[in-house]
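Have a look at the structure below, then the notes.
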Amino acid sequence: MLFALPEYAVYLGSIPVGLYLPLVYSKDFGLSLTEVGLILMLARISDVVTDPLIGYLSDRTPGKFGRRKPWMAGGAFLMMISAFQLFNPTVLNEMPIGTMHLLVWAVLLWLGWTMINIPYYAWGAELSDDYNERTQITGWRQAFGFLGNVSVLTVPVVAGEITGYGSLPKEGLTIIGSMALVALPVLITITLWKIPEREAYPRPKAPVLKHAKDMFSNGSFMLLFFGFMLMSLGTGWGSAIFMLFATYVVEAEGQTQAILLGYFGANVISLPFWVMVAERIGKKPTWIIGGVLFVIVTPSFLLLGPGDLSGFFICLALYGVAGGNFGALSMSMKADVIEIASRKTSENIAGSYIAIWSLGSKMVGALALGISLPLLEIMGFDPKGGNSPEEIQALAWLYVIPPWIFYATAVCFIWRYPISAARLEKIRAAFIHRDKRREQAAL
């Protein structure tokens, strides 16, 4: 539980970027959808350098505070300031809020995110060598992430009911920015203080290019990587357009946050069930079941129209059940792959693997924003209103069809993923036998 706390704060500071920013910055601050999409995509370009760099350094950082913790502490400070500036832009800045404000603070937000998440996820991959306990660790972490999602929606809704401020997306964004300012330093400090790092393997000595070559020739990792990225591309695409879909297709702008609780509430409730199923039948089959549910549920959004609030809630709740296992199982499966790679090289290279994973995840998130929003504008849609029925229908099709393709393709990749509990144990035993032979030969 204590290890999982930072995930709550990180979700507070990152989920609103895809969920709220496209609508708020285009509708309330006057930027075009193309500008918002391209700026949020450009903000990720620096990650091509920073993600591998932070991964490389966090594997090798010396000192009494550990390899991972100093980076997380610095990232918490940077991310909390950036989240506040992005989500509360009118508090410390004069209007109008322009493209440079969005670009600068988005770049700094993702730099802070990188400094936290790459060491944090590498640390998590090292905490246990037990196949099922890894799922429990990632399950706890994902549960706190889901609670962060729920808070992003619940707190503004409750505030709106009590005070009259918070129900609209712009108001909710301001509230969440203020929460992130507090939660990031407090929760991350608790974890850094209470949880010791584990030296699972020696610090890496081989050149970084050799690690990169080994990584990209690791078939199990690449199958898992592409499966996860395609699924993330689908969810990122949907998140980028979600507020627009809710506002103009279902006409539920004032109720969107409350309806989204169906999705995130189902995430939280279904997660323990998915963890239990994974312990019974394995991670890969459980992952595939969730992926197939995504493929089945996604087209149901095309059945929705103006005022279909209950149908919207049900669709999102089913989506939430389908997605309840995605993050926890992917991260647990990744820890299995990292263990095999680390045993093979006899070096701790978790940071490098997490860095490539993180970079891919952010790149597909950037592509989702950078392609979906300009494409929507090319199709004639205007976030300020005045759209024809054909343009509204185009929004609905764009919200559904590309993610459906991404989800279906992701399932095909994971279908070929080879690592099970039995195979991991067999590979582990082979490496242990190899290491004993080396020790005997050295004597």
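Lettering and numbering for the structure tokens are positional, with chains as A, B, ... in the shown order, residues counted from 1 in each chain, and ligands counted from 1 in the shown order.
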
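Excluding stretch 244-255 of chain A and any residue on its chain fewer than 2 positions from it, the residues at most 8 Å away by only C-alpha atoms are Leu23, Ser167, Leu168, Pro169, Ile241, Phe242, Gln257, Ala258, Ile259, Leu304, Gly305, Pro306, Gly307, Asp308, Leu309, Phe312, Pro383, Ile392, Gln393, Leu395, Ala396 and Tyr399 of chain A.
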
- Message: Can you pull out the residues contacting A:Phe273? Cut-off 12 Å, using only C-alpha atoms, and skip same-chain residues under 6 positions away; I want them as an MDAnalysis selection string.
- Response: chainID A and resid 136 139 143 266:267 279:280 286 290 321:322 324:325 328

Please build the interface table for stretch 206-298 of chain A against stretch 350-369 of chain A with a cut-off of 10 Å, listing for each qualifying residue the nearest atom pair and the distance in Å to one decimal; count only C-alpha atoms, order rows by chain and increasing number, and write it as CSV.
```
residue,atom,partner,partner_atom,distance
A:Val208,CA,A:Ser352,CA,8.5
A:His211,CA,A:Ser352,CA,7.8
A:Ala212,CA,A:Ser352,CA,8.0
A:Met215,CA,A:Tyr353,CA,7.3
A:Phe216,CA,A:Ile356,CA,9.8
A:Phe221,CA,A:Tyr353,CA,9.0
A:Met222,CA,A:Trp357,CA,9.9
A:Leu224,CA,A:Trp357,CA,9.9
A:Phe225,CA,A:Trp357,CA,6.8
A:Phe226,CA,A:Gly360,CA,8.9
A:Phe228,CA,A:Ser361,CA,8.1
A:Met229,CA,A:Ser361,CA,5.9
A:Leu230,CA,A:Val364,CA,7.9
A:Met231,CA,A:Val364,CA,9.6
A:Ser232,CA,A:Ser361,CA,6.8
A:Leu233,CA,A:Val364,CA,5.3
A:Gly234,CA,A:Ala368,CA,8.0
A:Thr235,CA,A:Gly365,CA,8.6
A:Gly236,CA,A:Gly365,CA,5.3
A:Trp237,CA,A:Ala368,CA,4.6
A:Gly238,CA,A:Ala368,CA,8.3
A:Ser239,CA,A:Ala368,CA,8.8
A:Ala240,CA,A:Leu369,CA,5.8
A:Ile241,CA,A:Leu369,CA,8.5
```

Residues as selected, C-alpha atoms, written as a short mmCIF file (atom, residue, chain, number, x, y, z; two decimals), in the first residue's frame, can you do that?
```cif
data_model
loop_
_atom_site.label_atom_id
_atom_site.label_comp_id
_atom_site.auth_asym_id
_atom_site.auth_seq_id
_atom_site.Cartn_x
_atom_site.Cartn_y
_atom_site.Cartn_z
CA VAL A 208 24.12 1.19 -23.08
CA HIS A 211 21.55 -3.18 -23.60
CA ALA A 212 19.46 -1.49 -26.30
CA MET A 215 16.22 -5.23 -25.57
CA PHE A 216 15.03 -4.91 -29.15
CA PHE A 221 9.43 -7.95 -24.46
CA MET A 222 8.64 -6.71 -27.95
CA LEU A 224 4.31 -7.27 -24.76
CA PHE A 225 5.54 -3.80 -25.73
CA PHE A 226 3.54 -3.59 -28.95
CA PHE A 228 0.56 -2.55 -24.56
CA MET A 229 1.28 0.35 -26.90
CA LEU A 230 -1.58 -0.49 -29.23
CA MET A 231 -3.96 -0.76 -26.30
CA SER A 232 -2.62 2.55 -24.95
CA LEU A 233 -3.08 4.13 -28.38
CA GLY A 234 -6.72 3.09 -28.29
CA THR A 235 -7.34 4.45 -24.80
CA GLY A 236 -5.35 7.62 -25.54
CA TRP A 237 -7.32 8.23 -28.73
CA GLY A 238 -10.58 7.79 -26.85
CA SER A 239 -9.44 10.08 -24.01
CA ALA A 240 -8.44 12.83 -26.45
CA ILE A 241 -11.93 12.93 -27.98
#
```

- Message: If you run DSSP on the backbone here, which positions in stretch 70-212 of chain A get helix (DSSP H, G or I)? Please write them as number ranges by chain.
- Response: A: 70-87, 89-92, 99-126, 131-163, 169-194, 208-212

Fewer than 4 positions away in the same chain doesn't count, so skip those; otherwise give me all residues within 8 Å of A:Asn117, counting only C-alpha atoms, as an mmCIF file with N, CA and C atoms, in the first residue's frame.
```
data_model
loop_
_atom_site.group_PDB
_atom_site.id
_atom_site.type_symbol
_atom_site.label_atom_id
_atom_site.label_comp_id
_atom_site.auth_asym_id
_atom_site.auth_seq_id
_atom_site.Cartn_x
_atom_site.Cartn_y
_atom_site.Cartn_z
ATOM 1 N N MET A 72 12.897 10.546 -8.120
ATOM 2 C CA MET A 72 11.474 10.704 -7.811
ATOM 3 C C MET A 72 11.221 11.980 -7.017
ATOM 4 N N TRP A 113 7.071 13.934 -14.816
ATOM 5 C CA TRP A 113 6.464 12.607 -14.871
ATOM 6 C C TRP A 113 7.527 11.543 -15.145
ATOM 7 N N TYR A 121 8.707 2.754 -11.533
ATOM 8 C CA TYR A 121 8.306 1.484 -12.120
ATOM 9 C C TYR A 121 9.467 0.492 -12.146
#
```

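Coordinates place atom CA of A:Thr34 at a distance of 15.3 Å from atom CA of A:Leu398.
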
- Query: Neighbours of A:Pro196 within 10 Å (only C-alpha atoms; same-chain residues fewer than 2 positions away dropped), as a PyMOL selection string?
  - Reply: chain A and resi 3+65-66+69+123+127+191-194+198-199

Produce a file of the selected residues containing C-alpha atoms, as a PDB file, in the first residue's frame.
```pdb
ATOM      1  CA  PHE A   3       4.636   1.706  -2.236  1.00  0.00           C
ATOM      2  CA  PHE A  65      19.650   7.575  -0.795  1.00  0.00           C
ATOM      3  CA  GLY A  66      19.478   4.849  -3.454  1.00  0.00           C
ATOM      4  CA  LYS A  69      14.603   7.868  -4.841  1.00  0.00           C
ATOM      5  CA  TRP A 123      11.811  -0.001  -8.443  1.00  0.00           C
ATOM      6  CA  LEU A 127      10.498  -5.541  -5.325  1.00  0.00           C
ATOM      7  CA  THR A 191       6.864   6.234   0.015  1.00  0.00           C
ATOM      8  CA  LEU A 192      10.467   7.424  -0.215  1.00  0.00           C
ATOM      9  CA  TRP A 193      10.669   7.535   3.575  1.00  0.00           C
ATOM     10  CA  LYS A 194       9.021   4.196   4.355  1.00  0.00           C
ATOM     11  CA  ARG A 198      16.108  -3.619  -3.144  1.00  0.00           C
ATOM     12  CA  GLU A 199      19.419  -4.382  -4.837  1.00  0.00           C
TER      13      GLU A 199
END
```

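Counting from atom CA of A:Ile81, the distance to atom CA of A:Val158 is 24.8 Å.
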